[in-house]
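Okay, start-v1.tsv now, which holds TSV, C-alpha atoms and all ligand atoms:
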```tsv
chain	number	residue	atom	x	y	z
S	11	MET	CA	155.99	63.51	99.98
S	12	LYS	CA	152.94	63.62	97.75
S	13	ILE	CA	152.38	62.00	94.36
S	14	HIS	CA	149.75	62.38	91.66
S	15	GLU	CA	146.59	60.31	91.38
S	16	TYR	CA	147.85	58.58	88.22
S	17	GLN	CA	151.04	57.55	90.03
S	18	ALA	CA	149.09	56.34	93.07
S	19	LYS	CA	146.88	54.29	90.77
S	20	GLU	CA	149.99	52.66	89.26
S	21	LEU	CA	150.97	51.67	92.78
S	22	PHE	CA	147.45	50.32	93.39
S	23	ARG	CA	147.78	48.19	90.23
S	24	LYS	CA	151.00	46.74	91.60
S	25	TYR	CA	149.04	45.62	94.67
S	26	GLN	CA	146.06	44.38	92.61
S	27	ILE	CA	143.74	47.03	93.99
S	28	PRO	CA	141.16	47.60	91.23
S	29	VAL	CA	141.31	50.99	89.48
S	30	PRO	CA	139.65	52.22	86.27
S	31	GLU	CA	141.60	51.66	83.06
S	32	GLY	CA	143.49	54.71	81.87
S	33	GLY	CA	146.74	56.56	81.85
S	34	PRO	CA	148.40	59.97	82.13
S	35	ALA	CA	148.50	62.62	79.40
S	36	PHE	CA	150.94	65.51	79.20
S	37	SER	CA	149.53	67.04	76.00
S	38	VAL	CA	146.30	67.10	74.02
S	39	GLU	CA	147.76	64.50	71.62
S	40	ASP	CA	148.55	62.23	74.57
S	41	ALA	CA	144.99	62.65	75.81
S	42	LEU	CA	143.50	61.69	72.44
S	43	ALA	CA	145.80	58.67	72.16
S	44	ALA	CA	144.84	57.59	75.69
S	45	ALA	CA	141.14	57.92	74.83
S	46	ASP	CA	141.72	55.84	71.67
S	47	ARG	CA	143.39	53.14	73.74
S	48	LEU	CA	140.35	52.99	76.03
S	49	GLY	CA	138.20	52.59	72.94
S	50	ALA	CA	134.83	53.33	74.57
S	51	TYR	CA	133.00	56.38	75.93
S	52	PRO	CA	132.38	58.04	78.31
S	53	VAL	CA	135.93	58.74	79.40
S	54	VAL	CA	136.88	61.00	82.26
S	55	VAL	CA	139.41	63.82	81.94
S	56	LYS	CA	141.02	64.51	85.30
S	57	ALA	CA	143.41	67.34	86.20
S	58	GLN	CA	146.49	66.04	88.03
S	59	ILE	CA	147.52	68.42	90.80
S	60	HIS	CA	148.68	67.74	94.35
S	61	ALA	CA	145.37	68.82	95.86
S	62	GLY	CA	141.89	67.41	96.30
S	63	GLY	CA	138.50	68.93	95.62
S	64	ARG	CA	139.16	68.88	91.87
S	65	GLY	CA	135.67	67.65	91.03
S	66	LYS	CA	134.03	70.70	92.59
S	67	GLY	CA	136.63	73.04	91.12
S	68	GLY	CA	136.01	71.87	87.53
S	69	GLY	CA	139.03	69.59	87.27
S	70	VAL	CA	137.14	66.31	86.66
S	71	LYS	CA	134.96	66.16	83.54
S	72	LEU	CA	133.15	63.49	81.61
S	73	ALA	CA	133.63	63.29	77.83
S	74	SER	CA	131.29	61.35	75.58
S	75	SER	CA	133.27	61.67	72.34
S	76	LYS	CA	136.78	62.16	71.04
S	77	ASP	CA	135.95	65.77	70.16
S	78	GLU	CA	134.95	66.37	73.73
S	79	VAL	CA	138.20	64.83	75.02
S	80	LYS	CA	140.02	67.28	72.75
S	81	ARG	CA	138.02	70.27	73.90
S	82	LEU	CA	138.29	69.37	77.60
S	83	SER	CA	141.99	68.59	77.56
S	84	GLU	CA	142.71	71.80	75.64
S	85	SER	CA	140.90	73.86	78.23
S	86	MET	CA	142.24	71.96	81.25
S	87	LEU	CA	145.93	71.89	80.35
S	88	GLY	CA	147.38	75.18	81.50
S	89	MET	CA	144.33	76.27	83.45
S	90	THR	CA	144.59	77.52	87.02
S	91	LEU	CA	142.55	75.18	89.15
S	92	VAL	CA	141.27	76.58	92.42
S	93	THR	CA	139.91	74.11	94.97
S	94	HIS	CA	139.35	74.30	98.71
S	95	GLN	CA	142.78	72.71	99.13
S	96	THR	CA	144.85	74.92	96.80
S	97	GLY	CA	144.28	78.33	98.38
S	98	THR	CA	143.01	81.25	96.32
S	99	ALA	CA	146.08	81.30	94.06
S	100	GLY	CA	145.18	77.84	92.72
S	101	LYS	CA	147.49	75.49	90.85
S	102	THR	CA	148.43	75.31	87.19
S	103	VAL	CA	147.33	72.07	85.55
S	104	LYS	CA	150.20	70.49	83.62
S	105	LYS	CA	149.14	66.85	83.56
S	106	LEU	CA	145.93	64.95	83.00
S	107	LEU	CA	144.64	61.48	83.68
S	108	ILE	CA	142.41	60.03	80.98
S	109	GLU	CA	140.38	57.13	82.25
S	110	GLN	CA	137.38	54.98	81.66
S	111	GLY	CA	134.09	56.39	82.99
S	112	LEU	CA	132.36	53.99	85.34
S	113	ASN	CA	128.72	53.39	86.25
S	114	ILE	CA	128.73	54.43	89.86
S	115	GLU	CA	126.12	53.00	92.19
S	116	LYS	CA	127.58	54.09	95.50
S	117	GLU	CA	130.56	56.17	96.65
S	118	LEU	CA	132.38	55.05	99.80
S	119	TYR	CA	135.28	56.62	101.68
S	120	LEU	CA	138.29	54.62	102.85
S	121	SER	CA	141.62	55.75	104.26
S	122	LEU	CA	144.57	54.60	106.36
S	123	VAL	CA	146.59	56.94	108.56
S	124	PRO	CA	149.01	56.52	111.45
S	125	ASP	CA	147.18	57.44	114.67
S	126	ARG	CA	149.70	58.97	117.05
S	127	SER	CA	147.67	58.78	120.27
S	128	SER	CA	147.05	55.03	120.01
S	129	ALA	CA	150.28	54.28	118.10
S	130	MET	CA	148.20	52.22	115.69
S	131	VAL	CA	147.09	52.38	112.08
S	132	ALA	CA	143.63	53.91	111.86
S	133	ILE	CA	141.31	52.65	109.13
S	134	ILE	CA	138.77	55.40	108.53
S	135	ALA	CA	135.72	54.59	106.44
S	136	SER	CA	132.31	55.94	105.58
S	137	GLU	CA	129.38	54.88	103.46
S	138	ALA	CA	128.83	58.56	102.70
S	139	GLY	CA	131.96	58.98	100.55
S	140	GLY	CA	132.45	61.33	97.61
S	141	MET	CA	132.95	65.01	97.18
S	142	ASP	CA	131.15	66.05	100.39
S	143	ILE	CA	133.14	63.96	102.86
S	144	GLU	CA	134.30	67.06	104.79
S	145	ALA	CA	130.68	68.08	105.38
S	146	VAL	CA	129.81	64.53	106.49
S	147	ALA	CA	132.69	64.58	108.98
S	148	ALA	CA	131.54	67.94	110.35
S	149	GLU	CA	127.79	67.39	110.43
S	150	GLN	CA	127.27	63.63	110.73
S	151	PRO	CA	130.37	62.30	112.48
S	152	GLU	CA	128.48	59.10	113.36
S	153	LYS	CA	128.73	58.19	109.67
S	154	ILE	CA	132.52	57.95	109.93
S	155	ILE	CA	133.86	54.74	111.40
S	156	LYS	CA	137.33	54.06	112.73
S	157	VAL	CA	139.00	50.71	113.26
S	158	PHE	CA	142.50	50.53	114.75
S	159	VAL	CA	145.13	48.01	113.73
S	160	ASP	CA	148.12	47.27	115.93
S	161	PRO	CA	151.06	47.34	113.49
S	162	LEU	CA	152.87	44.64	115.46
S	163	ILE	CA	149.98	42.22	114.88
S	164	GLY	CA	148.86	43.43	111.47
S	165	ILE	CA	145.45	43.46	109.87
S	166	GLN	CA	143.18	40.54	110.84
S	167	PRO	CA	139.92	39.21	109.34
S	168	TYR	CA	137.90	40.74	112.18
S	169	HIS	CA	139.18	44.23	111.28
S	170	CYS	CA	137.90	43.72	107.74
S	171	ARG	CA	134.53	42.46	108.99
S	172	LYS	CA	134.20	45.45	111.30
S	173	VAL	CA	134.84	47.90	108.47
S	174	SER	CA	132.60	45.96	106.06
S	175	PHE	CA	129.68	45.95	108.50
S	176	GLY	CA	130.30	49.62	109.28
S	177	LEU	CA	130.03	50.38	105.57
S	178	GLY	CA	126.80	48.37	105.32
S	179	LEU	CA	128.24	46.20	102.54
S	180	SER	CA	126.07	43.42	101.19
S	181	PRO	CA	127.44	39.92	101.94
S	182	ASP	CA	128.47	39.30	98.32
S	183	LEU	CA	130.83	42.30	98.44
S	184	ILE	CA	132.51	41.63	101.78
S	185	LYS	CA	135.04	39.17	100.35
S	186	SER	CA	136.29	41.45	97.58
S	187	PHE	CA	136.27	44.49	99.89
S	188	SER	CA	138.33	42.62	102.50
S	189	ALA	CA	140.87	41.65	99.84
S	190	ILE	CA	141.19	45.32	98.83
S	191	LEU	CA	141.57	46.45	102.43
S	192	ASN	CA	144.27	43.84	103.09
S	193	ARG	CA	146.25	44.92	100.01
S	194	LEU	CA	145.85	48.57	100.89
S	195	TYR	CA	147.18	47.88	104.38
S	196	ARG	CA	150.16	46.04	102.91
S	197	LEU	CA	150.90	48.96	100.56
S	198	PHE	CA	150.58	51.41	103.46
S	199	MET	CA	153.09	49.48	105.60
S	200	GLU	CA	155.54	48.46	102.88
S	201	TYR	CA	155.84	51.98	101.51
S	202	ASP	CA	155.97	53.80	104.89
S	203	CYS	CA	152.94	55.89	103.98
S	204	SER	CA	151.64	58.77	106.06
S	205	LEU	CA	148.28	58.55	104.27
S	206	VAL	CA	146.48	56.31	101.81
S	207	GLU	CA	143.06	57.60	100.86
S	208	ILE	CA	140.45	56.41	98.39
S	209	ASN	CA	137.59	58.84	97.97
S	210	PRO	CA	135.48	57.62	96.41
S	211	LEU	CA	135.85	53.86	96.54
S	212	VAL	CA	132.91	52.97	94.35
S	213	ILE	CA	130.50	50.11	94.02
S	214	THR	CA	129.66	49.95	90.32
S	215	ALA	CA	126.37	48.97	88.72
S	216	GLU	CA	128.11	45.69	87.86
S	217	LYS	CA	128.70	45.11	91.60
S	218	THR	CA	132.44	45.50	91.51
S	219	ILE	CA	134.49	47.63	93.89
S	220	VAL	CA	136.89	50.10	92.27
S	221	ALA	CA	139.19	52.85	93.58
S	222	LEU	CA	138.03	55.86	91.58
S	223	ASP	CA	140.39	58.30	93.23
S	224	ALA	CA	143.76	57.58	94.85
S	225	LYS	CA	145.87	59.61	97.21
S	226	VAL	CA	149.13	58.33	98.67
S	227	ASN	CA	151.49	60.39	100.87
S	228	PHE	CA	154.84	59.09	102.08
S	229	ASP	CA	156.82	59.71	105.24
S	230	ASP	CA	159.79	61.81	104.06
S	231	ASN	CA	162.02	60.29	106.72
S	232	ALA	CA	161.60	56.84	105.17
S	233	LEU	CA	162.17	57.87	101.55
S	234	PHE	CA	165.75	56.57	101.62
S	235	ARG	CA	164.20	53.10	101.62
S	236	HIS	CA	162.08	53.78	98.53
S	237	THR	CA	164.11	55.00	95.59
S	238	ASP	CA	161.22	54.10	93.26
S	239	VAL	CA	159.04	56.60	95.14
S	240	VAL	CA	161.65	59.37	95.10
S	241	SER	CA	161.62	59.22	91.30
S	242	LEU	CA	157.87	60.04	91.34
S	243	ARG	CA	158.47	63.43	92.93
S	244	ASP	CA	157.03	66.31	90.90
S	245	THR	CA	158.76	69.52	91.94
S	246	ASP	CA	156.37	71.49	89.68
S	247	GLU	CA	153.81	70.94	92.43
S	248	GLU	CA	156.01	72.25	95.22
S	249	HIS	CA	156.83	75.82	96.19
S	250	PRO	CA	160.13	76.75	94.44
S	251	LEU	CA	161.67	77.96	97.71
S	252	GLU	CA	160.71	74.71	99.44
S	253	VAL	CA	162.36	72.77	96.62
S	254	GLU	CA	165.48	74.89	97.06
S	255	ALA	CA	165.45	74.40	100.85
S	256	SER	CA	165.09	70.62	100.51
S	257	LYS	CA	168.42	70.55	98.63
S	258	TYR	CA	170.13	71.61	101.86
S	259	ASN	CA	168.01	69.50	104.21
S	260	LEU	CA	166.43	72.61	105.68
S	261	ASN	CA	163.00	72.32	107.31
S	262	TYR	CA	161.44	75.25	105.45
S	263	ILE	CA	157.77	75.84	104.75
S	264	ASN	CA	156.59	78.89	102.85
S	265	LEU	CA	153.66	80.78	104.38
S	266	ASP	CA	151.69	83.80	103.25
S	267	GLY	CA	152.78	86.49	105.75
S	268	ASN	CA	155.62	88.99	105.41
S	269	VAL	CA	157.92	88.39	108.39
S	270	GLY	CA	160.71	86.02	107.40
S	271	ASN	CA	162.10	84.13	110.33
S	272	MET	CA	165.03	81.88	111.04
S	273	VAL	CA	164.99	79.84	114.22
S	274	ASN	CA	166.75	76.80	115.60
S	275	GLY	CA	164.49	74.02	116.86
S	276	ALA	CA	161.00	73.25	115.59
S	277	GLY	CA	159.36	74.08	118.93
S	278	LEU	CA	161.05	77.46	119.18
S	279	ALA	CA	160.15	78.11	115.53
S	280	MET	CA	156.47	77.39	116.25
S	281	ALA	CA	156.59	79.67	119.32
S	282	THR	CA	158.30	82.37	117.25
S	283	MET	CA	155.54	82.26	114.64
S	284	ASP	CA	152.94	82.54	117.42
S	285	ILE	CA	154.64	85.54	118.96
S	286	ILE	CA	155.01	87.26	115.57
S	287	GLN	CA	151.28	86.79	115.11
S	288	GLN	CA	150.62	88.09	118.62
S	289	ALA	CA	152.64	91.20	117.87
S	290	GLY	CA	150.23	91.91	115.01
S	291	ALA	CA	152.24	90.60	112.03
S	292	SER	CA	152.29	87.26	110.28
S	293	PRO	CA	155.13	84.87	109.40
S	294	ALA	CA	156.31	84.42	105.80
S	295	ASN	CA	157.79	81.03	106.54
S	296	PHE	CA	158.63	78.33	109.00
S	297	LEU	CA	162.35	77.59	109.15
S	298	ASP	CA	164.05	75.35	111.63
S	299	VAL	CA	167.74	75.43	110.73
S	300	GLY	CA	168.24	72.51	113.07
S	301	GLY	CA	170.52	71.75	115.96
S	302	GLY	CA	173.63	70.73	114.09
S	303	ALA	CA	173.45	73.39	111.36
S	304	SER	CA	176.70	74.53	109.78
S	305	ALA	CA	177.44	78.13	108.80
S	306	GLU	CA	176.73	77.01	105.23
S	307	MET	CA	173.25	75.76	106.12
S	308	VAL	CA	172.49	79.00	107.94
S	309	GLU	CA	173.73	80.90	104.89
S	310	ASN	CA	171.44	78.92	102.57
S	311	GLY	CA	168.47	79.32	104.89
S	312	PHE	CA	169.00	83.06	105.15
S	313	ARG	CA	169.44	83.37	101.39
S	314	ILE	CA	166.14	81.53	100.83
S	315	ILE	CA	164.30	83.88	103.21
S	316	LEU	CA	165.87	86.89	101.47
S	317	SER	CA	164.74	85.67	98.07
S	318	ASP	CA	161.08	85.59	99.13
S	319	LYS	CA	159.56	88.71	97.57
S	320	ASN	CA	156.86	88.93	100.27
S	321	VAL	CA	159.36	89.36	103.08
S	322	LYS	CA	159.37	92.90	104.49
S	323	GLY	CA	161.34	92.21	107.67
S	324	ILE	CA	163.30	89.32	109.14
S	325	LEU	CA	163.47	87.98	112.66
S	326	ILE	CA	166.38	85.78	113.63
S	327	ASN	CA	165.67	84.00	116.88
S	328	ILE	CA	168.41	81.68	118.05
S	329	PHE	CA	168.94	79.96	121.33
S	330	GLY	CA	172.49	78.73	120.90
S	331	GLY	CA	172.92	75.19	122.11
S	332	ILE	CA	174.31	72.61	119.73
S	333	LEU	CA	174.10	75.31	117.05
S	334	ARG	CA	176.48	77.89	118.51
S	335	CYS	CA	175.75	81.61	118.19
S	336	ASP	CA	179.07	82.30	116.43
S	337	ILE	CA	178.34	79.69	113.73
S	338	LEU	CA	174.95	81.25	113.17
S	339	ALA	CA	176.41	84.75	113.00
S	340	GLU	CA	178.98	83.65	110.42
S	341	GLY	CA	176.28	82.11	108.23
S	342	VAL	CA	174.13	85.23	108.42
S	343	VAL	CA	177.03	87.51	107.55
S	344	GLN	CA	178.11	85.33	104.61
S	345	ALA	CA	174.58	85.20	103.19
S	346	ALA	CA	174.05	88.92	103.70
S	347	LYS	CA	177.32	89.77	101.92
S	348	LYS	CA	176.55	87.49	98.96
S	349	THR	CA	172.87	88.31	98.57
S	350	GLY	CA	172.66	91.82	99.95
S	351	ILE	CA	169.94	92.65	102.48
S	352	GLN	CA	167.18	94.96	101.34
S	353	VAL	CA	164.99	94.49	104.42
S	354	PRO	CA	165.57	95.21	108.13
S	355	VAL	CA	166.76	92.28	110.24
S	356	VAL	CA	166.03	91.95	113.94
S	357	VAL	CA	168.25	89.56	115.87
S	358	ARG	CA	167.56	87.93	119.18
S	359	MET	CA	170.35	85.63	120.22
S	360	GLU	CA	171.15	83.87	123.49
S	361	GLY	CA	173.16	80.88	124.62
S	362	THR	CA	176.45	79.25	123.72
S	363	ASN	CA	179.11	81.69	122.45
S	364	VAL	CA	176.63	84.55	122.40
S	365	GLU	CA	179.32	87.22	122.96
S	366	LYS	CA	181.38	85.90	120.08
S	367	GLY	CA	178.26	85.79	117.89
S	368	ARG	CA	177.30	89.37	118.74
S	369	GLU	CA	180.85	90.48	118.02
S	370	ILE	CA	180.78	88.88	114.55
S	371	LEU	CA	177.48	90.59	113.75
S	372	LYS	CA	178.65	93.94	115.10
S	373	SER	CA	181.97	93.97	113.24
S	374	SER	CA	180.29	92.86	109.98
S	375	GLY	CA	179.12	96.39	109.32
S	376	LEU	CA	175.64	95.11	108.55
S	377	ASN	CA	172.70	97.13	109.76
S	378	LEU	CA	171.13	94.67	112.20
S	379	ILE	CA	168.66	95.57	114.93
S	380	THR	CA	169.26	93.79	118.20
S	381	ALA	CA	166.51	92.83	120.60
S	382	VAL	CA	166.72	92.14	124.33
S	383	ASP	CA	164.24	89.27	124.33
S	384	LEU	CA	161.78	87.45	122.12
S	385	LYS	CA	158.85	89.75	122.85
S	386	ASP	CA	160.95	92.80	122.11
S	387	ALA	CA	162.16	91.18	118.88
S	388	ALA	CA	158.64	90.35	117.69
S	389	GLN	CA	157.39	93.85	118.46
S	390	LYS	CA	160.32	95.44	116.65
S	391	VAL	CA	159.87	93.36	113.52
S	392	ALA	CA	156.07	93.81	113.56
S	393	GLN	CA	156.54	97.57	113.75
S	394	ILE	CA	158.90	97.43	110.77
S	395	VAL	CA	156.54	95.50	108.50
S	396	ARG	CA	153.61	97.71	109.49
S	397	GLY	CA	155.57	100.47	107.85
S	401	LIG	P1	138.49	65.01	93.72
S	401	LIG	O1	138.48	64.19	94.97
S	401	LIG	O2	139.76	65.79	93.58
S	401	LIG	O3	137.27	65.86	93.59
S	401	LIG	P2	137.83	62.55	92.30
S	401	LIG	O4	138.80	61.70	91.57
S	401	LIG	O5	137.36	62.02	93.59
S	401	LIG	O6	138.48	64.01	92.46
S	401	LIG	O7	136.61	62.81	91.33
S	401	LIG	C1	135.48	63.57	91.72
S	401	LIG	C2	134.20	62.86	91.33
S	401	LIG	O8	134.17	62.64	89.92
S	401	LIG	C3	134.04	61.49	91.95
S	401	LIG	O9	133.44	61.57	93.22
S	401	LIG	C4	133.18	60.78	90.94
S	401	LIG	O10	131.80	61.03	91.19
S	401	LIG	C5	133.55	61.41	89.61
S	401	LIG	N1	134.50	60.54	88.89
S	401	LIG	C6	135.87	60.55	89.02
S	401	LIG	N2	136.45	59.61	88.25
S	401	LIG	C7	135.44	58.98	87.60
S	401	LIG	C8	135.37	57.89	86.66
S	401	LIG	N3	136.46	57.26	86.23
S	401	LIG	N4	134.13	57.50	86.23
S	401	LIG	C9	133.02	58.14	86.66
S	401	LIG	N5	133.02	59.14	87.53
S	401	LIG	C10	134.19	59.57	88.02
S	402	MG	MG	138.29	62.32	95.48
```
Now that the file is in, can you turn its structure into structure tokens?
Amino acid sequence: MKIHEYQAKELFRKYQIPVPEGGPAFSVEDALAAADRLGAYPVVVKAQIHAGGRGKGGGVKLASSKDEVKRLSESMLGMTLVTHQTGTAGKTVKKLLIEQGLNIEKELYLSLVPDRSSAMVAIIASEAGGMDIEAVAAEQPEKIIKVFVDPLIGIQPYHCRKVSFGLGLSPDLIKSFSAILNRLYRLFMEYDCSLVEINPLVITAEKTIVALDAKVNFDDNALFRHTDVVSLRDTDEEHPLEVEASKYNLNYINLDGNVGNMVNGAGLAMATMDIIQQAGASPANFLDVGGGASAEMVENGFRIILSDKNVKGILINIFGGILRCDILAEGVVQAAKKTGIQVPVVVRMEGTNVEKGREILKSSGLNLITAVDLKDAAQKVAQIVRG
């Protein structure tokens, strides 16, 4: 789960990680009141969307007067912000963060992520932080340093020294930087984060270290332990069909192709998307209905695929194991009867109770196209969407 920068900064405050003064604004009046509270200019007006690259896309602007705060917040609220992380459709800006403008001397990069191959927490840092960090990673990888922390032992002073030296920090800053890194590590562990990223972490002209940006992602599987985090969810930032799918615990991700697909098992779903692509079409979604899916879950999954306007054909690929073919067939028939199918559906089904499943589909009177194997299914559906 993702949260906004202003929410992440609240969390940083809780852990005494220094952030600029400021607060969120949901209207122009809010923005002016927030600027008044800061009491000094420049202030920075920042679009709050669940994507980075806002600076380059025009979503971070400096205002040197109250009039300018008004003008900027009027133009930013409601605008479609396109960044390299939003895709070409962009995202509508509905919230702002109004904060104190700082005198930046240097922009650093600092993040924490779980590293699967070492089963440790990776601290990633660079002295070349800021808006071009992707280019630094691609062109000057030697400028990115990584230090690994064994979660069973926890962060130690030598980790902090290693990162500090790697960042080329002057001795007077090492102590305050190490304190920040320790607190960030604690936040990362205590909140079951999948990412904590500060880009940029700045050294100000006054020689203080401040988190100017804040990104915190949480492991969805651990959210049951963090009710305070769940309340920060902003469904405005999520795809409406993904929000709908999450109500039924369906692993659904919306994609930009036009072949809807329903599969059981994440691995088989990935393979199905590959084979759709290989057949010359592209998937409209990822959907793993899961091993223990009920007919009701299948019904909801199928209904969600049907409600995607981009879908021109559907491929159902089920290898019946724990999820039996007859349960799947019942769910499909129920959804089809309630929603009505306007697009062709190709079904490839094998495994437990496959005869019973086929019988349910056949006697439903629905116009379903059967396939002998996965390749045949992908080719049939690709042919359909090609017209
Ligand atoms: P994004 O990563 O989405 O582009 P950031 O929050 O990192 O957004 O802001 C982009 C850039 O804007 C920063 O690298 C920094 O140079 C500048 N900036 C952001 N917040 C402030 C601030 N409070 N004071 C001064 N400059 C800022
Ligand atoms: Mg940033």
Proximity of chain S to ligand MG 402 (chain S): per-residue shortest pair, 7 Å limit, only C-alpha atoms and all ligand atoms, as a Markdown table:
```
| residue | atom | partner | partner_atom | distance |
| --- | --- | --- | --- | --- |
| S:Gly62 | CA | S:MG402 | MG | 6.3 |
| S:Gly63 | CA | S:MG402 | MG | 6.6 |
| S:Gly140 | CA | S:MG402 | MG | 6.3 |
| S:Met141 | CA | S:MG402 | MG | 6.2 |
| S:Ile208 | CA | S:MG402 | MG | 6.9 |
| S:Asn209 | CA | S:MG402 | MG | 4.3 |
| S:Pro210 | CA | S:MG402 | MG | 5.6 |
| S:Asp223 | CA | S:MG402 | MG | 5.1 |
```
### Task
For atom CA of Asn363 of chain S and atom CA of Gly341 of chain S, determine how far apart the two atoms are, in Å to one decimal place.
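Atom CA of Gly341 of chain S lies 14.5 Å from atom CA of Asn363 of chain S.
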## Note on the structure
Correct to one decimal, the distance atom CA of Ile328 of chain S-atom CA of Ala232 of chain S is 28.8 Å
### Query
atom CA of Thr218 of chain S and atom CA of Val159 of chain S are how many Å apart?
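One can read the atom CA of Thr218 of chain S to atom CA of Val159 of chain S distance as 25.7 Å.
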Could you give me, as a compact mmCIF listing (two decimals) with C-alpha atoms, keeping the file's coordinate frame, every polymer residue with an atom at most 10 Å away from an atom of ligand LIG 401 (chain S), counting only C-alpha atoms and all ligand atoms?
```
# COMPACT_ATOMS: atom_id res chain seq x y z
CA GLU S 15 146.59 60.31 91.38
CA VAL S 29 141.31 50.99 89.48
CA PRO S 30 139.65 52.22 86.27
CA GLU S 31 141.60 51.66 83.06
CA GLY S 32 143.49 54.71 81.87
CA PRO S 52 132.38 58.04 78.31
CA VAL S 53 135.93 58.74 79.40
CA VAL S 54 136.88 61.00 82.26
CA VAL S 55 139.41 63.82 81.94
CA LYS S 56 141.02 64.51 85.30
CA ALA S 57 143.41 67.34 86.20
CA GLN S 58 146.49 66.04 88.03
CA ILE S 59 147.52 68.42 90.80
CA HIS S 60 148.68 67.74 94.35
CA ALA S 61 145.37 68.82 95.86
CA GLY S 62 141.89 67.41 96.30
CA GLY S 63 138.50 68.93 95.62
CA ARG S 64 139.16 68.88 91.87
CA GLY S 65 135.67 67.65 91.03
CA LYS S 66 134.03 70.70 92.59
CA GLY S 67 136.63 73.04 91.12
CA GLY S 68 136.01 71.87 87.53
CA GLY S 69 139.03 69.59 87.27
CA VAL S 70 137.14 66.31 86.66
CA LYS S 71 134.96 66.16 83.54
CA LEU S 72 133.15 63.49 81.61
CA THR S 93 139.91 74.11 94.97
CA HIS S 94 139.35 74.30 98.71
CA GLN S 95 142.78 72.71 99.13
CA LEU S 107 144.64 61.48 83.68
CA ILE S 108 142.41 60.03 80.98
CA GLU S 109 140.38 57.13 82.25
CA GLN S 110 137.38 54.98 81.66
CA GLY S 111 134.09 56.39 82.99
CA LEU S 112 132.36 53.99 85.34
CA ASN S 113 128.72 53.39 86.25
CA ILE S 114 128.73 54.43 89.86
CA GLU S 115 126.12 53.00 92.19
CA LYS S 116 127.58 54.09 95.50
CA GLU S 117 130.56 56.17 96.65
CA LEU S 118 132.38 55.05 99.80
CA TYR S 119 135.28 56.62 101.68
CA GLY S 139 131.96 58.98 100.55
CA GLY S 140 132.45 61.33 97.61
CA MET S 141 132.95 65.01 97.18
CA ASP S 142 131.15 66.05 100.39
CA ILE S 143 133.14 63.96 102.86
CA GLU S 207 143.06 57.60 100.86
CA ILE S 208 140.45 56.41 98.39
CA ASN S 209 137.59 58.84 97.97
CA PRO S 210 135.48 57.62 96.41
CA LEU S 211 135.85 53.86 96.54
CA VAL S 212 132.91 52.97 94.35
CA THR S 214 129.66 49.95 90.32
CA VAL S 220 136.89 50.10 92.27
CA ALA S 221 139.19 52.85 93.58
CA LEU S 222 138.03 55.86 91.58
CA ASP S 223 140.39 58.30 93.23
CA ALA S 224 143.76 57.58 94.85
CA LYS S 225 145.87 59.61 97.21
```
### Message
Which residues are close to Thr102 of chain S, i.e. within 6 Å by all atoms listed in the file, leaving aside same-chain residues fewer than 4 positions away? Reply as a list in words.
### Response
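Residues near the query, excluding close chain neighbours: Gly88, Met89 and Thr90 of chain S.
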### Query
If you count all atoms listed in the file, which residues fall within 9 Å of segment 144-155 of chain S, apart from same-chain ones fewer than 5 positions away, as number ranges by chain?
S: 119, 133-139, 173, 176-177
Atoms kept (C-alpha atoms) for selection, written as a PDB file, keeping the file's coordinate frame:
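The resulting file, result-v3.pdb, is shown below:
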```
ATOM      1  CA  TYR S 119     135.280  56.620 101.680  1.00  0.00           C
ATOM      2  CA  ILE S 133     141.310  52.650 109.130  1.00  0.00           C
ATOM      3  CA  ILE S 134     138.770  55.400 108.530  1.00  0.00           C
ATOM      4  CA  ALA S 135     135.720  54.590 106.440  1.00  0.00           C
ATOM      5  CA  SER S 136     132.310  55.940 105.580  1.00  0.00           C
ATOM      6  CA  GLU S 137     129.380  54.880 103.460  1.00  0.00           C
ATOM      7  CA  ALA S 138     128.830  58.560 102.700  1.00  0.00           C
ATOM      8  CA  GLY S 139     131.960  58.980 100.550  1.00  0.00           C
ATOM      9  CA  VAL S 173     134.840  47.900 108.470  1.00  0.00           C
ATOM     10  CA  GLY S 176     130.300  49.620 109.280  1.00  0.00           C
ATOM     11  CA  LEU S 177     130.030  50.380 105.570  1.00  0.00           C
TER      12      LEU S 177
END
```
### Task
Between S:Met130, S:Gly331, S:Glu252, S:Lys185, single out the one closest to Ile163 of chain S, counting all atoms listed in the file.
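Closest to Ile163 of chain S, using all atoms listed in the file: S:Met130.
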### Task
Show me as a ChimeraX atom specification the residues that reach within 10 Å of (159.0, 58.2, 96.6), counting only C-alpha atoms and using the file's own coordinates.
/S:11-13,201-203,227-230,232-243
#### Entry: Distance query Val391 of chain S at most 9 Å, all atoms listed in the file, self and fewer than 6 positions along chain excluded, as a ChimeraX atom specification
/S:269,286,289,291,323-325,354-356
### Query
Hey, can you pull every residue with an atom no more than 12 Å from (176.0, 87.5, 115.8), using all atoms listed in the file, and send it as a VMD selection string?
chain S and resid 305 326 to 330 334 to 344 355 to 381
### Message
Restricting the calculation to only C-alpha atoms: of S:Lys347, S:Arg171, S:His14, S:Lys390, which residue gets closest to Gly290 of chain S?
### Response
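Distance minimum relative to Gly290 of chain S lands on S:Lys390.
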